[in-house]
$ cat start_27.cif   # mmCIF, C-alpha atoms
data_query
loop_
_atom_site.label_atom_id
_atom_site.label_comp_id
_atom_site.auth_asym_id
_atom_site.auth_seq_id
_atom_site.Cartn_x
_atom_site.Cartn_y
_atom_site.Cartn_z
CA MET A 7 82.11 61.63 138.28
CA SER A 8 82.91 59.82 135.03
CA ASN A 9 84.77 61.22 132.03
CA ASP A 10 83.67 58.35 129.81
CA TYR A 11 80.93 59.34 127.35
CA THR A 12 81.03 56.32 125.05
CA ALA A 13 77.47 55.36 126.02
CA LEU A 14 76.10 58.83 125.27
CA ARG A 15 74.49 58.84 121.84
CA ARG A 16 71.50 60.10 119.86
CA GLU A 17 69.56 58.93 116.85
CA TYR A 18 69.15 60.96 113.69
CA ILE A 19 65.66 60.84 112.24
CA ALA A 20 65.75 63.40 109.44
CA GLN A 21 64.35 62.96 105.96
CA PRO A 22 66.66 61.45 103.33
CA LEU A 23 68.82 63.56 101.05
CA GLY A 24 69.12 62.29 97.46
CA ARG A 25 70.86 63.58 94.38
CA GLU A 26 67.47 64.66 93.02
CA ASP A 27 67.09 66.97 96.03
CA LEU A 28 70.24 68.93 95.25
CA LYS A 29 70.67 72.02 93.12
CA ASP A 30 73.35 71.83 90.45
CA ASN A 31 74.94 74.95 91.94
CA PRO A 32 76.26 74.50 95.51
CA VAL A 33 75.79 78.16 96.41
CA GLU A 34 72.10 77.88 95.53
CA GLN A 35 71.88 74.68 97.59
CA PHE A 36 73.57 76.41 100.52
CA ALA A 37 71.15 79.33 100.25
CA LEU A 38 68.19 76.95 100.58
CA TRP A 39 69.65 75.30 103.66
CA MET A 40 70.64 78.62 105.21
CA GLU A 41 67.13 79.99 104.69
CA LYS A 42 65.66 76.96 106.46
CA ALA A 43 68.21 77.15 109.28
CA THR A 44 67.39 80.82 109.82
CA GLU A 45 63.69 79.96 110.10
CA VAL A 46 64.43 77.30 112.72
CA SER A 47 67.10 79.11 114.77
CA PRO A 48 67.87 82.64 113.57
CA ASP A 49 70.29 83.39 116.42
CA ASP A 50 72.71 80.60 115.47
CA SER A 51 72.21 80.01 111.76
CA THR A 52 75.18 82.13 110.63
CA SER A 53 77.61 80.73 113.20
CA MET A 54 80.40 78.84 111.48
CA THR A 55 83.64 77.17 112.46
CA LEU A 56 86.56 78.73 110.62
CA ALA A 57 89.54 76.38 110.39
CA THR A 58 92.91 77.77 109.35
CA ALA A 59 96.47 76.45 109.52
CA SER A 60 99.92 77.95 109.90
CA LYS A 61 102.57 77.62 107.21
CA ASP A 62 103.87 74.63 109.21
CA GLY A 63 100.48 72.92 109.04
CA MET A 64 99.36 73.42 112.67
CA PRO A 65 95.55 73.86 112.53
CA SER A 66 93.37 76.13 114.62
CA ALA A 67 89.62 76.64 114.64
CA ARG A 68 87.12 79.07 116.10
CA ILE A 69 83.51 80.20 115.70
CA VAL A 70 82.92 83.31 113.60
CA LEU A 71 79.80 84.74 111.97
CA LEU A 72 79.03 84.61 108.27
CA LYS A 73 78.09 88.12 107.14
CA HIS A 74 77.28 87.65 103.45
CA PHE A 75 77.74 85.10 100.70
CA GLY A 76 77.14 84.59 97.01
CA GLU A 77 78.79 83.26 93.89
CA GLU A 78 81.86 85.33 94.75
CA GLY A 79 82.34 83.54 98.09
CA PHE A 80 81.66 83.56 101.85
CA ALA A 81 82.64 86.61 103.91
CA TRP A 82 83.38 87.47 107.54
CA TYR A 83 85.11 90.36 109.35
CA THR A 84 87.85 90.41 111.96
CA ASP A 85 91.12 91.92 113.15
CA TYR A 86 93.90 91.18 110.64
CA ARG A 87 96.36 90.86 113.55
CA SER A 88 94.41 87.97 115.11
CA ARG A 89 95.74 84.42 115.00
CA LYS A 90 93.45 83.60 112.08
CA GLY A 91 94.66 86.71 110.29
CA GLN A 92 98.29 85.77 110.82
CA GLU A 93 97.67 82.21 109.62
CA LEU A 94 95.76 83.36 106.55
CA ALA A 95 98.65 85.65 105.68
CA GLU A 96 100.97 82.62 105.78
CA ASN A 97 98.58 80.08 104.29
CA PRO A 98 95.55 81.61 102.51
CA GLN A 99 93.45 78.45 102.56
CA ALA A 100 90.64 77.62 104.98
CA GLU A 101 87.50 75.61 105.62
CA LEU A 102 84.15 76.77 106.98
CA MET A 103 81.80 74.41 108.76
CA PHE A 104 78.13 75.05 109.57
CA TYR A 105 76.20 72.73 111.88
CA TRP A 106 72.46 73.17 112.31
CA TYR A 107 71.42 70.94 115.20
CA GLY A 108 67.66 71.28 114.80
CA LEU A 109 67.86 70.18 111.17
CA GLU A 110 70.55 67.51 111.64
CA ARG A 111 72.51 69.15 108.84
CA GLN A 112 76.11 70.11 108.30
CA VAL A 113 77.85 71.98 105.48
CA ARG A 114 81.60 72.24 104.89
CA VAL A 115 83.03 74.81 102.48
CA GLN A 116 86.70 74.68 101.49
CA GLY A 117 88.69 77.14 99.42
CA THR A 118 91.18 79.96 99.15
CA VAL A 119 90.89 83.19 101.12
CA GLU A 120 91.45 86.82 100.16
CA LYS A 121 90.98 90.12 101.96
CA LEU A 122 87.95 92.15 101.00
CA PRO A 123 88.52 95.70 99.71
CA ILE A 124 89.27 98.09 102.57
CA GLU A 125 86.25 100.25 101.72
CA GLN A 126 83.97 97.26 102.19
CA GLY A 127 85.46 96.58 105.61
CA LYS A 128 85.11 100.24 106.56
CA LYS A 129 81.48 100.30 105.45
CA TYR A 130 80.59 97.27 107.56
CA PHE A 131 82.57 98.60 110.55
CA ASN A 132 80.56 101.82 110.50
CA GLU A 133 77.30 99.85 110.40
CA ARG A 134 78.10 97.99 113.65
CA PRO A 135 76.73 99.07 117.05
CA VAL A 136 78.88 101.64 118.88
CA GLY A 137 79.88 99.13 121.57
CA SER A 138 81.14 96.66 118.98
CA ARG A 139 83.14 99.37 117.20
CA LEU A 140 84.70 100.49 120.47
CA SER A 141 85.72 96.93 121.37
CA ALA A 142 87.18 96.25 117.93
CA ALA A 143 89.14 99.51 117.85
CA ALA A 144 90.47 99.17 121.41
CA SER A 145 91.59 95.54 121.12
CA CYS A 146 94.54 93.99 119.31
CA GLN A 147 92.84 90.63 118.87
CA SER A 148 94.75 87.57 120.11
CA ALA A 149 97.54 89.65 121.72
CA VAL A 150 98.34 89.03 125.40
CA VAL A 151 96.93 91.56 127.89
CA ASP A 152 97.62 91.81 131.62
CA SER A 153 94.00 92.20 132.76
CA ARG A 154 90.42 92.87 131.75
CA GLU A 155 90.69 96.21 133.52
CA THR A 156 93.33 97.28 130.99
CA LEU A 157 90.96 96.44 128.13
CA GLU A 158 88.06 98.25 129.74
CA ALA A 159 90.25 101.31 130.34
CA ARG A 160 91.19 101.39 126.64
CA VAL A 161 87.53 101.19 125.64
CA GLN A 162 86.61 103.99 128.07
CA SER A 163 89.45 106.18 126.82
CA LEU A 164 88.34 105.68 123.23
CA HIS A 165 84.75 106.43 124.18
CA ASP A 166 85.82 109.63 125.94
CA SER A 167 87.75 110.69 122.85
CA HIS A 168 84.74 110.11 120.59
CA PRO A 169 81.60 110.82 122.67
CA ASP A 170 79.58 111.24 119.49
CA GLY A 171 80.16 107.55 118.66
CA ASP A 172 82.08 108.34 115.47
CA ILE A 173 84.79 105.73 116.07
CA PRO A 174 87.57 105.78 113.42
CA HIS A 175 87.84 102.61 111.39
CA PRO A 176 91.05 100.77 112.39
CA GLU A 177 93.27 99.95 109.41
CA GLU A 178 93.95 96.53 110.95
CA TRP A 179 90.27 95.56 110.88
CA GLY A 180 88.41 94.32 107.81
CA GLY A 181 86.91 91.45 105.89
CA TYR A 182 87.92 88.18 104.31
CA ILE A 183 86.23 86.16 101.61
CA LEU A 184 86.60 82.43 101.04
CA LYS A 185 86.32 81.44 97.38
CA PRO A 186 84.99 77.86 97.38
CA THR A 187 86.54 74.95 95.55
CA ARG A 188 84.71 72.20 97.46
CA PHE A 189 81.42 71.82 99.35
CA GLU A 190 80.07 68.95 101.40
CA PHE A 191 76.40 68.68 102.39
CA TRP A 192 75.69 66.23 105.21
CA GLN A 193 72.26 65.06 106.36
CA GLY A 194 72.06 62.94 109.52
CA ARG A 195 70.23 59.64 109.06
CA GLU A 196 69.17 56.68 111.18
CA ASN A 197 71.77 54.14 112.30
CA ARG A 198 74.53 56.58 111.28
CA LEU A 199 73.94 55.78 107.59
CA HIS A 200 74.16 59.47 106.81
CA ASP A 201 73.65 61.10 103.41
CA ARG A 202 76.76 62.97 102.22
CA PHE A 203 77.31 64.76 98.92
CA ILE A 204 80.31 66.73 97.74
CA TYR A 205 80.58 69.37 95.05
CA ARG A 206 84.10 69.70 93.68
CA LEU A 207 85.22 72.24 91.12
CA GLU A 208 86.72 70.73 87.98
CA ASN A 209 87.43 72.86 84.89
CA ASP A 210 85.04 75.55 86.17
CA GLN A 211 82.25 72.95 86.53
CA TRP A 212 80.77 71.59 89.74
CA ILE A 213 80.91 67.79 89.94
CA ILE A 214 78.51 66.19 92.44
CA GLU A 215 79.34 62.86 94.10
CA ARG A 216 77.85 60.84 96.97
CA LEU A 217 80.22 59.87 99.79
CA GLN A 218 79.91 56.91 102.09
CA PRO A 219 79.06 57.95 105.63
#

$ encode --input "start_27.cif" --output "structure tokens"
Amino acid sequence: MSNDYTALRREYIAQPLGREDLKDNPVEQFALWMEKATEVSPDDSTSMTLATASKDGMPSARIVLLKHFGEEGFAWYTDYRSRKGQELAENPQAELMFYWYGLERQVRVQGTVEKLPIEQGKKYFNERPVGSRLSAAASCQSAVVDSRETLEARVQSLHDSHPDGDIPHPEEWGGYILKPTRFEFWQGRENRLHDRFIYRLENDQWIIERLQP
């Protein structure tokens, strides 16, 4: 068995991406690409890598799900006690990365992060399926636990206490919103001569520039 994958490669054969193809507003451009990605693969289109870093600069990344976006920013929900929550408390900056394999497209969104209002987090929590609410309320995300059986026992105990499914919203659970200052749109092209464009915020205006691949 070999651990060398240097010979494993693929070719990108997508259509070109030119400046004339881009909206002046990056959120509008993202909305177009997200709509297309959802048509192609609805199960995975909202999956995004969330990269955070500690106050000392040690990065960490994980997949989370985008729940809503707009001019105000890009939002997701989680346990504030999780590693990402702890890092965002220390260093409220992050980057999101979307990769849509079937379209050979990638989008990176960089910016500052704030907590969403608690009422918004509570509203979304109560809209989730009962099983998801039980898991979120029973778990202290990222904390060490001795066994899966312990977790399952906590979930069962919570279920027994609330058989009607009216699970109380945990104060430690809510939403974050990333307010963008930089976007990058990447389109895979033949021979690795990819098309890359950035939008950077300068004096409240979005400046668009092409990057070399």

$ residues_around --input "start_27.cif" --residues "Pro32 in chain A" --least-positions-apart "4" --cutoff "8 Å" --atoms "all atoms listed in the file" --output "list in words"
Phe36, Phe189, Tyr205 and Trp212 of chain A

$ resolve_selection --input "start_27.cif" --expression "the PyMOL selection byres ((chain A and resi 114) around 6)" --output "list of chain:residue names"
A:Leu102, A:Met103, A:Val113, A:Val115, A:Phe189, A:Glu190

$ resolve_selection --input "start_27.cif" --expression "the PyMOL selection byres ((chain A and resi 57) around 10)" --output "PyMOL selection string"
chain A and resi 54-56+58-59+65-69+90+99-103+116

$ closest_residue --input "start_27.cif" --among "A:Pro186, A:Gln193, A:Asn132, A:Leu217" --to "Gly171 in chain A" --atoms "all atoms listed in the file"
A:Asn132

$ closest_residue --input "start_27.cif" --among "A:Pro135, A:Leu207, A:Asp10, A:Glu77" --to "Val33 in chain A" --atoms "only C-alpha atoms"
A:Glu77

$ residues_around --input "start_27.cif" --residues "Ile204 in chain A" --least-positions-apart "4" --cutoff "9 Å" --atoms "only C-alpha atoms" --output "list in words"
Arg188, Phe189, Glu190, Phe191, Trp192, Ile213, Ile214, Glu215, Arg216 and Leu217 of chain A

$ resolve_selection --input "start_27.cif" --expression "the PyMOL selection byres ((chain A and resi 19) around 6)" --output "list in words"
Tyr18, Ala20, Arg195 and Glu196 of chain A

$ closest_residue --input "start_27.cif" --among "A:Tyr11, A:Tyr105, A:Tyr83, A:Tyr182" --to "Arg134 in chain A" --atoms "all atoms listed in the file"
A:Tyr83

$ closest_residue --input "start_27.cif" --among "A:Gly127, A:Leu140, A:Phe104, A:Glu158" --to "Asp172 in chain A" --atoms "only C-alpha atoms"
A:Leu140

$ atom_distance --input "start_27.cif" --atom1 "CA of Trp39 in chain A" --atom2 "CA of Arg111 in chain A"
8.5 Å

$ closest_residue --input "start_27.cif" --among "A:Gln92, A:His165, A:Phe203, A:Asp210" --to "Glu26 in chain A" --atoms "only C-alpha atoms"
A:Phe203

$ atom_distance --input "start_27.cif" --atom1 "CA of Arg206 in chain A" --atom2 "CA of Phe75 in chain A"
18.1 Å

$ residues_around --input "start_27.cif" --residues "Lys61 in chain A" --least-positions-apart "3" --cutoff "8 Å" --atoms "only C-alpha atoms" --output "MDAnalysis selection string"
chainID A and resid 64 93 96:97

$ write_last_selection --input "start_27.cif" --atoms "C-alpha atoms" --output "compact mmCIF listing (two decimals), keeping the file's coordinate frame"
# COMPACT_ATOMS: atom_id res chain seq x y z
CA MET A 64 99.36 73.42 112.67
CA GLU A 93 97.67 82.21 109.62
CA GLU A 96 100.97 82.62 105.78
CA ASN A 97 98.58 80.08 104.29

$ atom_distance --input "start_27.cif" --atom1 "CA of Met40 in chain A" --atom2 "CA of Thr52 in chain A"
7.9 Å

$ closest_residue --input "start_27.cif" --among "A:Glu41, A:Asp85, A:Asp50, A:Glu34" --to "Glu178 in chain A" --atoms "only C-alpha atoms"
A:Asp85

$ residues_around --input "start_27.cif" --residues "Cys146 in chain A" --least-positions-apart "5" --cutoff "12 Å" --atoms "all atoms listed in the file" --output "count of residues only"
17

$ residues_around --input "start_27.cif" --residues "Phe80 in chain A" --least-positions-apart "5" --cutoff "8 Å" --atoms "only C-alpha atoms" --output "PyMOL selection string"
chain A and resi 72-75+183-186
